[in-house]
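Peer 1: Below is the file my_file.tsv, which contains TSV, C-alpha atoms and all ligand atoms.
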```tsv
chain	number	residue	atom	x	y	z
A	189	MET	CA	-7.87	-40.90	-39.88
A	190	GLU	CA	-5.01	-42.22	-37.80
A	191	GLU	CA	-3.45	-45.63	-37.04
A	192	ARG	CA	-0.58	-46.30	-34.62
A	193	GLY	CA	0.49	-42.65	-34.83
A	194	LEU	CA	0.37	-42.43	-38.65
A	195	GLU	CA	-1.93	-40.07	-40.59
A	196	VAL	CA	-4.16	-41.70	-43.21
A	197	PHE	CA	-6.14	-39.82	-45.89
A	198	ALA	CA	-9.32	-41.83	-46.40
A	199	PRO	CA	-13.00	-41.18	-45.68
A	200	GLU	CA	-14.35	-42.47	-42.36
A	201	GLU	CA	-16.81	-45.23	-43.29
A	202	GLU	CA	-18.72	-47.83	-41.29
A	203	GLU	CA	-18.41	-50.53	-44.00
A	204	PRO	CA	-15.71	-49.60	-46.53
A	205	ASP	CA	-15.84	-51.67	-49.74
A	206	LYS	CA	-14.53	-51.72	-53.30
A	207	ASP	CA	-16.65	-48.69	-54.19
A	208	SER	CA	-15.03	-46.53	-51.49
A	209	GLU	CA	-13.22	-43.49	-52.89
A	210	VAL	CA	-10.08	-44.58	-51.00
A	211	PHE	CA	-10.35	-47.86	-49.11
A	212	PHE	CA	-9.40	-47.97	-45.42
A	213	ASN	CA	-10.81	-50.55	-43.00
A	214	GLU	CA	-10.05	-49.88	-39.35
A	215	LYS	CA	-11.13	-53.45	-38.53
A	216	MET	CA	-8.04	-54.83	-40.30
A	217	LEU	CA	-5.85	-53.45	-37.50
A	218	ASN	CA	-4.86	-56.92	-36.18
A	219	ASN	CA	-3.85	-57.97	-39.68
A	220	ARG	CA	-1.64	-54.88	-40.07
A	221	ASP	CA	-0.22	-55.15	-36.52
A	222	ILE	CA	0.77	-58.80	-37.05
A	223	SER	CA	2.13	-58.03	-40.52
A	224	GLN	CA	4.30	-55.15	-39.30
A	225	ILE	CA	5.88	-57.19	-36.51
A	226	ALA	CA	6.39	-60.20	-38.82
A	227	VAL	CA	8.24	-57.96	-41.30
A	228	LYS	CA	10.42	-56.55	-38.51
A	229	VAL	CA	11.31	-60.06	-37.27
A	230	PHE	CA	12.00	-61.38	-40.78
A	231	ARG	CA	14.30	-58.45	-41.63
A	232	GLU	CA	16.34	-58.96	-38.45
A	233	ARG	CA	16.55	-62.74	-38.79
A	234	ALA	CA	17.60	-62.47	-42.45
A	235	GLY	CA	20.23	-59.79	-41.60
A	236	LEU	CA	18.71	-57.37	-44.14
A	237	GLU	CA	18.93	-54.23	-41.98
A	238	GLU	CA	21.33	-52.51	-44.42
A	239	GLU	CA	19.15	-52.99	-47.46
A	240	PHE	CA	15.47	-53.86	-47.30
A	241	ARG	CA	13.33	-53.26	-50.40
A	242	VAL	CA	9.59	-53.23	-49.79
A	243	ALA	CA	6.50	-53.19	-52.05
A	244	ASP	CA	2.93	-52.48	-51.00
A	245	ALA	CA	1.37	-53.57	-54.31
A	246	LEU	CA	-2.31	-52.75	-53.59
A	247	ALA	CA	-1.79	-49.91	-51.17
A	248	ALA	CA	-5.15	-47.98	-51.09
A	249	SER	CA	-4.51	-45.23	-48.48
A	250	GLY	CA	-0.92	-46.51	-48.12
A	251	ILE	CA	-1.26	-47.41	-44.46
A	252	ARG	CA	0.60	-50.72	-44.76
A	253	GLY	CA	3.46	-49.15	-46.69
A	254	PHE	CA	3.66	-46.33	-44.10
A	255	ARG	CA	3.93	-48.91	-41.34
A	256	TYR	CA	6.68	-50.87	-43.13
A	257	GLY	CA	8.42	-47.55	-43.91
A	258	GLU	CA	10.27	-47.74	-40.61
A	259	TYR	CA	12.25	-50.77	-41.86
A	260	ALA	CA	12.50	-50.09	-45.61
A	261	THR	CA	15.55	-48.62	-47.33
A	262	ASP	CA	13.64	-48.53	-50.63
A	263	LEU	CA	9.84	-48.33	-50.32
A	264	HIS	CA	7.37	-48.61	-53.23
A	265	LEU	CA	3.61	-48.08	-52.95
A	266	ASN	CA	1.26	-48.88	-55.80
A	267	ASP	CA	-2.46	-48.62	-56.50
A	268	VAL	CA	-4.44	-48.56	-59.74
A	269	ASN	CA	-6.89	-45.98	-58.35
A	270	PRO	CA	-5.73	-42.34	-58.94
A	271	GLU	CA	-7.60	-41.15	-55.82
A	272	ALA	CA	-5.66	-43.69	-53.74
A	273	VAL	CA	-2.40	-42.52	-55.31
A	274	GLU	CA	-3.24	-38.94	-54.30
A	275	ALA	CA	-4.03	-40.07	-50.73
A	276	ILE	CA	-0.74	-42.00	-50.58
A	277	GLY	CA	1.16	-38.86	-51.65
A	278	LYS	CA	-0.51	-36.79	-48.92
A	279	GLY	CA	0.13	-39.49	-46.30
A	280	LEU	CA	3.81	-39.75	-47.22
A	281	ASP	CA	4.24	-35.95	-46.88
A	282	GLU	CA	2.29	-35.74	-43.63
A	283	ASN	CA	4.16	-38.67	-42.04
A	284	GLY	CA	7.58	-37.64	-43.38
A	285	ILE	CA	8.15	-40.99	-45.19
A	286	GLU	CA	10.17	-41.35	-48.41
A	287	ALA	CA	8.81	-43.68	-51.09
A	288	THR	CA	8.24	-44.12	-54.80
A	289	VAL	CA	4.56	-44.10	-55.75
A	290	HIS	CA	3.17	-46.02	-58.76
A	291	GLU	CA	-0.25	-45.93	-60.40
A	292	GLU	CA	-0.37	-49.25	-62.23
A	293	ASP	CA	-2.07	-52.60	-62.28
A	294	ALA	CA	-0.30	-54.54	-59.51
A	295	ASN	CA	0.76	-57.29	-61.94
A	296	VAL	CA	2.39	-54.73	-64.25
A	297	PHE	CA	4.05	-52.95	-61.33
A	298	LEU	CA	5.50	-56.15	-59.81
A	299	SER	CA	6.62	-57.49	-63.19
A	300	GLU	CA	8.90	-54.46	-63.60
A	301	PHE	CA	10.93	-55.62	-60.56
A	302	GLY	CA	12.24	-59.17	-61.16
A	303	ASN	CA	13.80	-60.77	-58.03
A	304	TYR	CA	13.92	-57.33	-56.42
A	305	PHE	CA	11.80	-57.01	-53.29
A	306	HIS	CA	12.66	-58.35	-49.84
A	307	PHE	CA	9.05	-57.93	-48.76
A	308	ILE	CA	5.87	-57.79	-50.84
A	309	ASP	CA	2.41	-57.11	-49.43
A	310	VAL	CA	-0.57	-58.19	-51.54
A	311	ASP	CA	-3.90	-57.06	-50.09
A	312	PRO	CA	-6.57	-57.09	-52.82
A	313	PHE	CA	-10.35	-57.17	-52.79
A	314	GLY	CA	-11.24	-60.89	-52.88
A	315	SER	CA	-8.61	-63.48	-53.70
A	316	PHE	CA	-4.85	-62.97	-54.12
A	317	THR	CA	-4.50	-65.74	-56.72
A	318	LYS	CA	-4.36	-63.45	-59.74
A	319	PHE	CA	-1.33	-61.67	-58.27
A	320	LEU	CA	0.65	-64.79	-57.29
A	321	ASP	CA	2.61	-65.12	-60.51
A	322	SER	CA	3.96	-61.56	-60.51
A	323	THR	CA	4.60	-61.73	-56.73
A	324	ALA	CA	6.71	-64.87	-57.20
A	325	ARG	CA	8.71	-63.13	-59.98
A	326	ALA	CA	9.29	-59.96	-57.96
A	327	ALA	CA	10.29	-61.73	-54.73
A	328	ASN	CA	14.03	-61.67	-54.07
A	329	HIS	CA	15.97	-64.96	-53.66
A	330	THR	CA	15.61	-64.45	-49.92
A	331	SER	CA	12.44	-62.57	-49.09
A	332	PHE	CA	9.14	-62.47	-47.25
A	333	VAL	CA	5.61	-62.14	-48.59
A	334	GLY	CA	2.24	-61.41	-47.01
A	335	LEU	CA	-1.03	-62.04	-48.83
A	336	THR	CA	-4.60	-61.42	-47.71
A	337	SER	CA	-7.70	-63.04	-49.19
A	338	THR	CA	-11.32	-62.22	-48.44
A	339	ASP	CA	-12.61	-65.00	-50.71
A	340	ASN	CA	-13.13	-67.45	-47.82
A	341	ALA	CA	-16.55	-68.81	-48.80
A	342	ALA	CA	-15.06	-70.84	-51.68
A	343	PRO	CA	-12.10	-72.61	-50.01
A	344	ALA	CA	-14.15	-73.05	-46.82
A	345	GLY	CA	-16.60	-75.19	-48.78
A	346	SER	CA	-19.65	-73.02	-49.50
A	347	TYR	CA	-18.91	-73.05	-53.25
A	348	PRO	CA	-17.00	-76.25	-54.09
A	349	THR	CA	-17.03	-75.65	-57.85
A	350	VAL	CA	-15.67	-72.12	-57.45
A	351	CYS	CA	-12.99	-73.56	-55.17
A	352	GLU	CA	-12.01	-76.19	-57.78
A	353	ARG	CA	-11.89	-73.49	-60.48
A	354	ARG	CA	-9.93	-70.86	-58.53
A	355	TYR	CA	-7.72	-73.04	-56.34
A	356	GLY	CA	-7.71	-76.46	-58.04
A	357	SER	CA	-8.78	-78.14	-54.79
A	358	LYS	CA	-11.78	-79.85	-53.27
A	359	PRO	CA	-12.98	-78.28	-49.99
A	360	ILE	CA	-15.29	-79.71	-47.29
A	361	LYS	CA	-17.88	-77.61	-45.47
A	362	ASN	CA	-17.73	-78.81	-41.87
A	363	ASP	CA	-16.96	-77.54	-38.35
A	364	PHE	CA	-13.27	-76.92	-39.14
A	365	MET	CA	-13.76	-75.60	-42.68
A	366	HIS	CA	-11.70	-72.46	-42.02
A	367	GLU	CA	-8.60	-74.55	-41.36
A	368	ILE	CA	-9.27	-76.47	-44.59
A	369	GLY	CA	-9.64	-73.11	-46.37
A	370	LEU	CA	-6.35	-71.81	-44.96
A	371	ARG	CA	-4.59	-75.01	-46.03
A	372	ILE	CA	-6.02	-74.76	-49.56
A	373	TYR	CA	-4.76	-71.17	-49.84
A	374	LEU	CA	-1.34	-72.24	-48.55
A	375	LYS	CA	-1.06	-75.07	-51.08
A	376	GLU	CA	-1.88	-72.61	-53.85
A	377	VAL	CA	0.74	-70.09	-52.69
A	378	PHE	CA	3.37	-72.82	-52.26
A	379	ARG	CA	2.70	-74.32	-55.73
A	380	ASN	CA	2.84	-70.93	-57.44
A	381	PHE	CA	6.23	-70.12	-55.93
A	382	ALA	CA	7.44	-73.66	-56.68
A	383	ARG	CA	6.93	-73.03	-60.41
A	384	PHE	CA	9.73	-70.46	-60.10
A	385	ASP	CA	11.96	-72.83	-58.05
A	386	LYS	CA	11.19	-70.62	-55.05
A	387	CYS	CA	10.20	-72.29	-51.82
A	388	PHE	CA	7.42	-70.66	-49.80
A	389	ASP	CA	7.83	-71.52	-46.13
A	390	PRO	CA	4.82	-70.50	-43.95
A	391	LYS	CA	5.75	-68.43	-40.88
A	392	VAL	CA	2.53	-66.91	-39.59
A	393	CYS	CA	-0.78	-67.74	-41.28
A	394	PHE	CA	-4.24	-67.28	-39.85
A	395	HIS	CA	-7.94	-66.77	-40.34
A	396	GLU	CA	-9.89	-63.94	-38.71
A	397	ARG	CA	-13.54	-63.01	-39.36
A	398	HIS	CA	-13.94	-62.71	-43.15
A	399	TYR	CA	-10.31	-62.88	-44.23
A	400	THR	CA	-7.27	-65.17	-44.30
A	401	ARG	CA	-3.68	-63.94	-44.12
A	402	VAL	CA	-0.74	-65.98	-45.35
A	403	MET	CA	2.80	-64.84	-44.53
A	404	GLY	CA	6.00	-66.70	-45.19
A	405	ARG	CA	9.62	-66.71	-46.19
A	406	VAL	CA	10.69	-67.25	-49.78
A	407	THR	CA	14.00	-68.89	-50.66
A	408	GLU	CA	15.17	-69.65	-54.16
A	409	SER	CA	16.13	-73.33	-53.93
A	410	LYS	CA	15.11	-76.35	-56.01
A	411	LYS	CA	16.25	-78.74	-53.27
A	412	ARG	CA	14.26	-76.99	-50.56
A	413	THR	CA	11.18	-76.81	-52.78
A	414	ASN	CA	11.43	-80.52	-53.65
A	415	LYS	CA	11.64	-81.39	-49.96
A	416	ALA	CA	8.66	-79.20	-49.06
A	417	LEU	CA	6.48	-80.94	-51.69
A	418	GLU	CA	5.87	-83.60	-49.02
A	419	ASN	CA	3.62	-81.01	-47.32
A	420	VAL	CA	1.09	-81.06	-50.16
A	421	GLY	CA	-1.50	-83.82	-49.82
A	422	TYR	CA	-5.06	-84.71	-48.87
A	423	LEU	CA	-7.31	-84.80	-45.84
A	424	SER	CA	-9.77	-87.61	-45.14
A	425	TYR	CA	-12.73	-86.84	-42.90
A	426	CYS	CA	-15.55	-88.97	-41.54
A	427	GLY	CA	-18.84	-87.08	-41.30
A	428	ASN	CA	-20.27	-89.92	-39.19
A	429	CYS	CA	-17.82	-90.06	-36.25
A	430	LEU	CA	-15.74	-86.87	-36.96
A	431	TRP	CA	-12.40	-88.73	-37.39
A	432	ARG	CA	-9.88	-86.86	-39.58
A	433	LYS	CA	-6.35	-87.45	-40.88
A	434	PHE	CA	-3.95	-86.04	-43.51
A	435	GLU	CA	-3.95	-89.25	-45.51
A	436	ARG	CA	-6.06	-90.72	-48.31
A	437	VAL	CA	-8.28	-93.31	-46.62
A	438	LYS	CA	-11.43	-94.62	-48.31
A	439	ASN	CA	-13.21	-95.93	-45.21
A	440	CYS	CA	-13.03	-94.51	-41.70
A	441	PRO	CA	-10.78	-96.69	-39.50
A	442	GLU	CA	-13.01	-95.85	-36.48
A	443	CYS	CA	-16.52	-96.55	-37.78
A	444	GLY	CA	-16.13	-97.94	-41.31
A	445	GLU	CA	-18.19	-95.20	-43.04
A	446	GLU	CA	-16.99	-93.88	-46.39
A	447	THR	CA	-14.82	-90.79	-45.85
A	448	GLN	CA	-14.96	-87.38	-47.54
A	449	GLU	CA	-11.79	-85.97	-49.06
A	450	ALA	CA	-10.40	-82.41	-49.21
A	451	GLY	CA	-7.37	-81.40	-51.23
A	452	PRO	CA	-4.85	-81.06	-52.50
A	453	LEU	CA	-3.99	-78.87	-49.53
A	454	TRP	CA	-1.07	-77.96	-47.26
A	455	THR	CA	-0.59	-80.71	-44.65
A	456	GLY	CA	2.36	-79.17	-42.77
A	457	LYS	CA	2.60	-76.46	-40.12
A	458	PHE	CA	1.13	-73.07	-40.90
A	459	VAL	CA	2.87	-71.27	-38.03
A	460	ASP	CA	6.59	-71.46	-37.19
A	461	GLN	CA	6.77	-71.25	-33.42
A	462	ARG	CA	10.36	-69.97	-33.37
A	463	PHE	CA	9.20	-67.10	-35.57
A	464	THR	CA	6.05	-66.28	-33.56
A	465	SER	CA	7.94	-66.41	-30.26
A	466	ASP	CA	10.31	-63.74	-31.65
A	467	MET	CA	7.25	-61.77	-32.75
A	468	LEU	CA	5.75	-61.95	-29.24
A	469	GLU	CA	8.92	-60.37	-27.86
A	470	ASP	CA	8.55	-57.46	-30.26
A	471	MET	CA	4.80	-56.89	-30.09
A	472	PRO	CA	3.45	-54.52	-27.41
A	473	GLU	CA	1.37	-56.60	-24.97
A	474	GLU	CA	-1.41	-54.01	-24.93
A	475	TRP	CA	-2.20	-54.55	-28.63
A	476	GLU	CA	-5.29	-56.72	-29.16
A	477	ALA	CA	-3.29	-58.74	-31.68
A	478	TYR	CA	-0.96	-59.91	-28.88
A	479	GLU	CA	-3.46	-62.37	-27.41
A	480	PHE	CA	-4.34	-63.58	-30.91
A	481	LEU	CA	-0.65	-64.15	-31.65
A	482	GLU	CA	-0.25	-66.04	-28.37
A	483	LYS	CA	-2.93	-68.50	-29.54
A	484	LEU	CA	-1.22	-68.93	-32.91
A	485	ASP	CA	2.08	-69.52	-31.19
A	486	ALA	CA	0.59	-72.11	-28.81
A	487	GLU	CA	-1.19	-74.14	-31.50
A	488	ALA	CA	1.77	-74.08	-33.93
A	489	GLU	CA	3.09	-77.58	-33.30
A	490	ILE	CA	-0.23	-79.46	-33.44
A	491	ILE	CA	-0.94	-80.59	-36.98
A	492	THR	CA	-4.33	-82.36	-36.75
A	493	PRO	CA	-7.16	-79.99	-37.80
A	494	TYR	CA	-8.95	-78.53	-34.80
A	495	TYR	CA	-12.02	-80.10	-33.15
A	496	ASP	CA	-15.14	-78.15	-32.32
A	497	ILE	CA	-16.27	-79.11	-28.80
A	498	HIS	CA	-19.96	-78.62	-29.64
A	499	ALA	CA	-19.68	-80.90	-32.67
A	500	LEU	CA	-17.90	-83.61	-30.64
A	501	ALA	CA	-20.47	-83.42	-27.82
A	502	SER	CA	-23.44	-83.47	-30.16
A	503	ASN	CA	-21.90	-86.44	-32.03
A	504	ILE	CA	-22.15	-88.50	-28.81
A	505	GLY	CA	-25.53	-87.06	-27.87
A	506	THR	CA	-24.52	-84.90	-24.93
A	507	SER	CA	-24.01	-81.22	-24.17
A	508	SER	CA	-20.63	-79.46	-24.39
A	509	PRO	CA	-18.24	-79.13	-21.49
A	510	ARG	CA	-16.53	-75.76	-21.05
A	511	ARG	CA	-13.45	-75.46	-23.24
A	512	GLU	CA	-11.03	-74.87	-20.35
A	513	GLU	CA	-12.40	-77.91	-18.50
A	514	PHE	CA	-11.99	-80.08	-21.61
A	515	ILE	CA	-8.43	-78.85	-22.20
A	516	GLN	CA	-7.48	-79.50	-18.57
A	517	ALA	CA	-8.87	-83.06	-18.64
A	518	LEU	CA	-6.96	-83.85	-21.85
A	519	ARG	CA	-3.74	-82.42	-20.42
A	520	GLU	CA	-4.16	-84.64	-17.36
A	521	LYS	CA	-4.23	-87.62	-19.73
A	522	GLY	CA	-0.89	-86.42	-21.14
A	523	TYR	CA	-2.05	-85.13	-24.54
A	524	PRO	CA	-0.76	-81.92	-26.09
A	525	VAL	CA	-3.81	-79.68	-26.40
A	526	GLU	CA	-4.26	-75.95	-27.05
A	527	ARG	CA	-6.97	-73.42	-27.83
A	528	THR	CA	-7.12	-72.46	-31.50
A	529	HIS	CA	-7.31	-69.00	-33.02
A	530	PHE	CA	-9.88	-70.35	-35.53
A	531	SER	CA	-12.79	-70.60	-33.12
A	532	PRO	CA	-13.74	-69.87	-29.48
A	533	THR	CA	-15.18	-73.41	-29.27
A	534	GLY	CA	-12.25	-75.15	-30.97
A	535	VAL	CA	-9.27	-77.10	-29.62
A	536	LYS	CA	-6.12	-78.32	-31.32
A	537	THR	CA	-4.94	-81.74	-30.23
A	538	ASP	CA	-3.41	-84.92	-31.64
A	539	ALA	CA	-5.37	-87.08	-29.15
A	540	PRO	CA	-7.33	-89.98	-30.73
A	541	ILE	CA	-10.99	-89.22	-31.36
A	542	GLN	CA	-12.24	-91.98	-29.02
A	543	ASP	CA	-10.27	-90.44	-26.14
A	544	LEU	CA	-11.73	-87.01	-26.90
A	545	LYS	CA	-15.22	-88.46	-26.72
A	546	ASP	CA	-14.43	-90.44	-23.53
A	547	VAL	CA	-13.18	-87.25	-21.85
A	548	ILE	CA	-16.44	-85.49	-22.74
A	549	ARG	CA	-18.47	-88.46	-21.44
A	550	ASP	CA	-16.52	-88.42	-18.15
A	551	LEU	CA	-16.95	-84.67	-17.75
A	552	LYS	CA	-20.69	-84.97	-18.40
A	553	ALA	CA	-21.24	-88.10	-16.26
A	601	LIG	C1	-8.35	-54.00	-49.93
A	601	LIG	S1	-7.71	-52.55	-50.64
A	601	LIG	C2	-6.11	-52.42	-49.91
A	601	LIG	C3	-6.15	-52.04	-48.47
A	601	LIG	C4	-4.85	-51.61	-47.87
A	601	LIG	N1	-3.76	-52.52	-48.17
A	601	LIG	C5	-5.01	-51.43	-46.37
A	601	LIG	O1	-4.40	-52.20	-45.57
A	601	LIG	O2	-5.76	-50.53	-45.97
A	601	LIG	C6	-7.39	-53.01	-52.28
A	601	LIG	C7	-6.79	-51.90	-53.14
A	601	LIG	O3	-6.36	-52.49	-54.37
A	601	LIG	C8	-6.60	-51.58	-55.42
A	601	LIG	N2	-6.65	-52.39	-56.64
A	601	LIG	C9	-7.65	-53.19	-57.07
A	601	LIG	N3	-7.27	-53.85	-58.19
A	601	LIG	C10	-5.98	-53.48	-58.45
A	601	LIG	C11	-5.04	-53.85	-59.42
A	601	LIG	N4	-5.33	-54.74	-60.36
A	601	LIG	N5	-3.81	-53.30	-59.34
A	601	LIG	C12	-3.50	-52.38	-58.40
A	601	LIG	N6	-4.36	-52.00	-57.43
A	601	LIG	C13	-5.58	-52.54	-57.45
A	601	LIG	C14	-7.87	-50.88	-55.07
A	601	LIG	O4	-7.92	-49.60	-55.69
A	601	LIG	C15	-7.75	-50.78	-53.53
A	601	LIG	O5	-7.22	-49.53	-53.17
```
Take the structure from the file and write it as structure tokens.
Peer 2:
Amino acid sequence: MEERGLEVFAPEEEEPDKDSEVFFNEKMLNNRDISQIAVKVFRERAGLEEEFRVADALAASGIRGFRYGEYATDLHLNDVNPEAVEAIGKGLDENGIEATVHEEDANVFLSEFGNYFHFIDVDPFGSFTKFLDSTARAANHTSFVGLTSTDNAAPAGSYPTVCERRYGSKPIKNDFMHEIGLRIYLKEVFRNFARFDKCFDPKVCFHERHYTRVMGRVTESKKRTNKALENVGYLSYCGNCLWRKFERVKNCPECGEETQEAGPLWTGKFVDQRFTSDMLEDMPEEWEAYEFLEKLDAEAEIITPYYDIHALASNIGTSSPRREEFIQALREKGYPVERTHFSPTGVKTDAPIQDLKDVIRDLKA
């Protein structure tokens, strides 16, 4: 197998899973493309070109580590599966990359490197929560981490009890549940780093198909962490009129119905636009991830969870306008509004809900 000019030793499979001899999923290309460029941008911004220590803690074929190899001065790849370790060795030889290979449980591996790594990639099967503690210990005082989770059903509200157990938060299953899920993951990452007086600052976080990726900068600072605590809170949502706000409100201010509550979750930005605009300069435009990153970049400043146009239209008993038409009409009214990466029928805007509904009524009149 091959990815972006690098040789990978893994069987070609339609649906790779945890029983694969060596796991390699071609469909995670966008995730790896975005991760590689984010790492490049972080290293340059942090001035770490001279010394950049990287860990791929659950490496499988090693493809992520190979891709970060270009920037690393000290590269470590780890996997608990001996067949993966063999594939990593072959890949390193074939691609002419120098690295240290480990065959350990990721928690054991990371715990051997206190405050050491400038970048840590955590890409397990399922949720990353059981690796958060050792990741926080191994992250350098100034560093960057990237974590993938494929456990989306729980934080997106399909299994509320599992979500409470694993993430200590209440989800809501609704038309913007994937943003709620992302924000629950982010809260969990932030809180875990905070226990070590390390502040996790989200830079580029997103949801795609069955997975969520969280990437951010880590700085050891009590003051910074204390300040960032203001970004952990609750969301109130009205299932009757679709109003939503990051605030604890018992009754909907629009229609008076009792609200539903999600949280605790991350209520701040999940993309740093200065960071993603640097990434766009570095990412080849022909990569599929480029357009995806453009959407993330555009929606970065709008905090209110996204609206689904179909849900809004059906709430007022009409059919949906086209998304571009809806966006245009809202812009003409002076509201900031953008497409969202979460959904092809979603829009991000801070416009009041009544105005959103009025715009749909006007477009459908
Ligand atoms: C989803 S795959 C990683 C995919 C890889 N990062 C990529 O981009 O292709 C997860 C890997 O974690 C390994 N693994 C599972 N549990 C582990 C543990 N506790 N410690 C270390 N590796 C583990 C598995 O053997 C598997 O190779």
Peer 1: Using all atoms listed in the file, which residues sit within 6 Å of range 422-435 of chain A once same-chain residues fewer than 2 positions away are excluded, as a PDB file with C-alpha atoms, in the coordinates of the input?
Peer 2:
```pdb
ATOM      1  CA  THR A 447     -14.820 -90.790 -45.850  1.00  0.00           C
ATOM      2  CA  GLN A 448     -14.960 -87.380 -47.540  1.00  0.00           C
ATOM      3  CA  GLU A 449     -11.790 -85.970 -49.060  1.00  0.00           C
ATOM      4  CA  ALA A 450     -10.400 -82.410 -49.210  1.00  0.00           C
ATOM      5  CA  GLY A 451      -7.370 -81.400 -51.230  1.00  0.00           C
ATOM      6  CA  PRO A 452      -4.850 -81.060 -52.500  1.00  0.00           C
ATOM      7  CA  LEU A 453      -3.990 -78.870 -49.530  1.00  0.00           C
TER       8      LEU A 453
END
```
Peer 1: Which one is closest to ligand LIG 601 (chain A): A:Arg405, A:Arg397, A:Arg192, A:Arg252? Count only C-alpha atoms and all ligand atoms.
Peer 2: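 Of all the options, A:Arg252 lies closest to ligand LIG 601 (chain A).
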Peer 1: Neighbours of His529 in chain A within 10 Å (all atoms listed in the file; same-chain residues fewer than 6 positions away dropped), as a compact mmCIF listing (two decimals) with C-alpha atoms, keeping the file's coordinate frame?
Peer 2:
```txt
# COMPACT_ATOMS: atom_id res chain seq x y z
CA PHE A 394 -4.24 -67.28 -39.85
CA HIS A 395 -7.94 -66.77 -40.34
CA GLU A 396 -9.89 -63.94 -38.71
CA GLU A 479 -3.46 -62.37 -27.41
CA PHE A 480 -4.34 -63.58 -30.91
CA LEU A 481 -0.65 -64.15 -31.65
CA GLU A 482 -0.25 -66.04 -28.37
CA LYS A 483 -2.93 -68.50 -29.54
CA LEU A 484 -1.22 -68.93 -32.91
CA ASP A 485 2.08 -69.52 -31.19
CA ALA A 486 0.59 -72.11 -28.81
CA GLU A 487 -1.19 -74.14 -31.50
CA TYR A 494 -8.95 -78.53 -34.80
CA VAL A 535 -9.27 -77.10 -29.62
CA LYS A 536 -6.12 -78.32 -31.32
```
Peer 1: Calculate how many Å separate CA of Asn266 in chain A from CA of Asn295 in chain A, rounding to one decimal.
Peer 2: 10.4 Å
Peer 1: Give as a VMD selection string the set of residues within 12 Å of the point (16.6, -73.0, -52.0), where distances use the file's coordinates and only C-alpha atoms.
Peer 2: chain A and resid 328 to 331 381 to 382 384 to 389 405 to 416
Peer 1: List all protein, DNA and RNA residues that have any atom at most 8 Å from ligand LIG 601 (chain A), counting all atoms listed in the file, and write the list as an MDAnalysis selection string.
Peer 2: chainID A and resid 205:206 210:214 216 220 244:252 266:269 272 291:295 309:313
Peer 1: Identify which of the residues A:Lys358, A:Arg371, A:Arg519, A:Arg549 lies closest to Thr537 in chain A, counting all atoms listed in the file when measuring atom-to-atom distances.
Peer 2: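 Counting all atoms listed in the file, the residue closest to Thr537 in chain A is A:Arg519.
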Peer 1: Using all atoms listed in the file, which protein or nucleic acid residues come within 12 Å of Phe254 in chain A? Drop anything in the same chain fewer than 4 positions from it, and give the result as a ChimeraX atom specification.
Peer 2: /A:190-197,220,224,242-244,247-250,258-260,263-265,275-289
Peer 1: Selected residues, C-alpha atoms, written as a tab-separated table (two decimals), keeping the file's coordinate frame, please.
Peer 2:
```
chain	number	residue	atom	x	y	z
A	190	GLU	CA	-5.01	-42.22	-37.80
A	191	GLU	CA	-3.45	-45.63	-37.04
A	192	ARG	CA	-0.58	-46.30	-34.62
A	193	GLY	CA	0.49	-42.65	-34.83
A	194	LEU	CA	0.37	-42.43	-38.65
A	195	GLU	CA	-1.93	-40.07	-40.59
A	196	VAL	CA	-4.16	-41.70	-43.21
A	197	PHE	CA	-6.14	-39.82	-45.89
A	220	ARG	CA	-1.64	-54.88	-40.07
A	224	GLN	CA	4.30	-55.15	-39.30
A	242	VAL	CA	9.59	-53.23	-49.79
A	243	ALA	CA	6.50	-53.19	-52.05
A	244	ASP	CA	2.93	-52.48	-51.00
A	247	ALA	CA	-1.79	-49.91	-51.17
A	248	ALA	CA	-5.15	-47.98	-51.09
A	249	SER	CA	-4.51	-45.23	-48.48
A	250	GLY	CA	-0.92	-46.51	-48.12
A	258	GLU	CA	10.27	-47.74	-40.61
A	259	TYR	CA	12.25	-50.77	-41.86
A	260	ALA	CA	12.50	-50.09	-45.61
A	263	LEU	CA	9.84	-48.33	-50.32
A	264	HIS	CA	7.37	-48.61	-53.23
A	265	LEU	CA	3.61	-48.08	-52.95
A	275	ALA	CA	-4.03	-40.07	-50.73
A	276	ILE	CA	-0.74	-42.00	-50.58
A	277	GLY	CA	1.16	-38.86	-51.65
A	278	LYS	CA	-0.51	-36.79	-48.92
A	279	GLY	CA	0.13	-39.49	-46.30
A	280	LEU	CA	3.81	-39.75	-47.22
A	281	ASP	CA	4.24	-35.95	-46.88
A	282	GLU	CA	2.29	-35.74	-43.63
A	283	ASN	CA	4.16	-38.67	-42.04
A	284	GLY	CA	7.58	-37.64	-43.38
A	285	ILE	CA	8.15	-40.99	-45.19
A	286	GLU	CA	10.17	-41.35	-48.41
A	287	ALA	CA	8.81	-43.68	-51.09
A	288	THR	CA	8.24	-44.12	-54.80
A	289	VAL	CA	4.56	-44.10	-55.75
```
Peer 1: If I take CA of Thr533 in chain A and CA of Ala488 in chain A, how far is one from the other in Å, to one decimal?
Peer 2: 17.6 Å
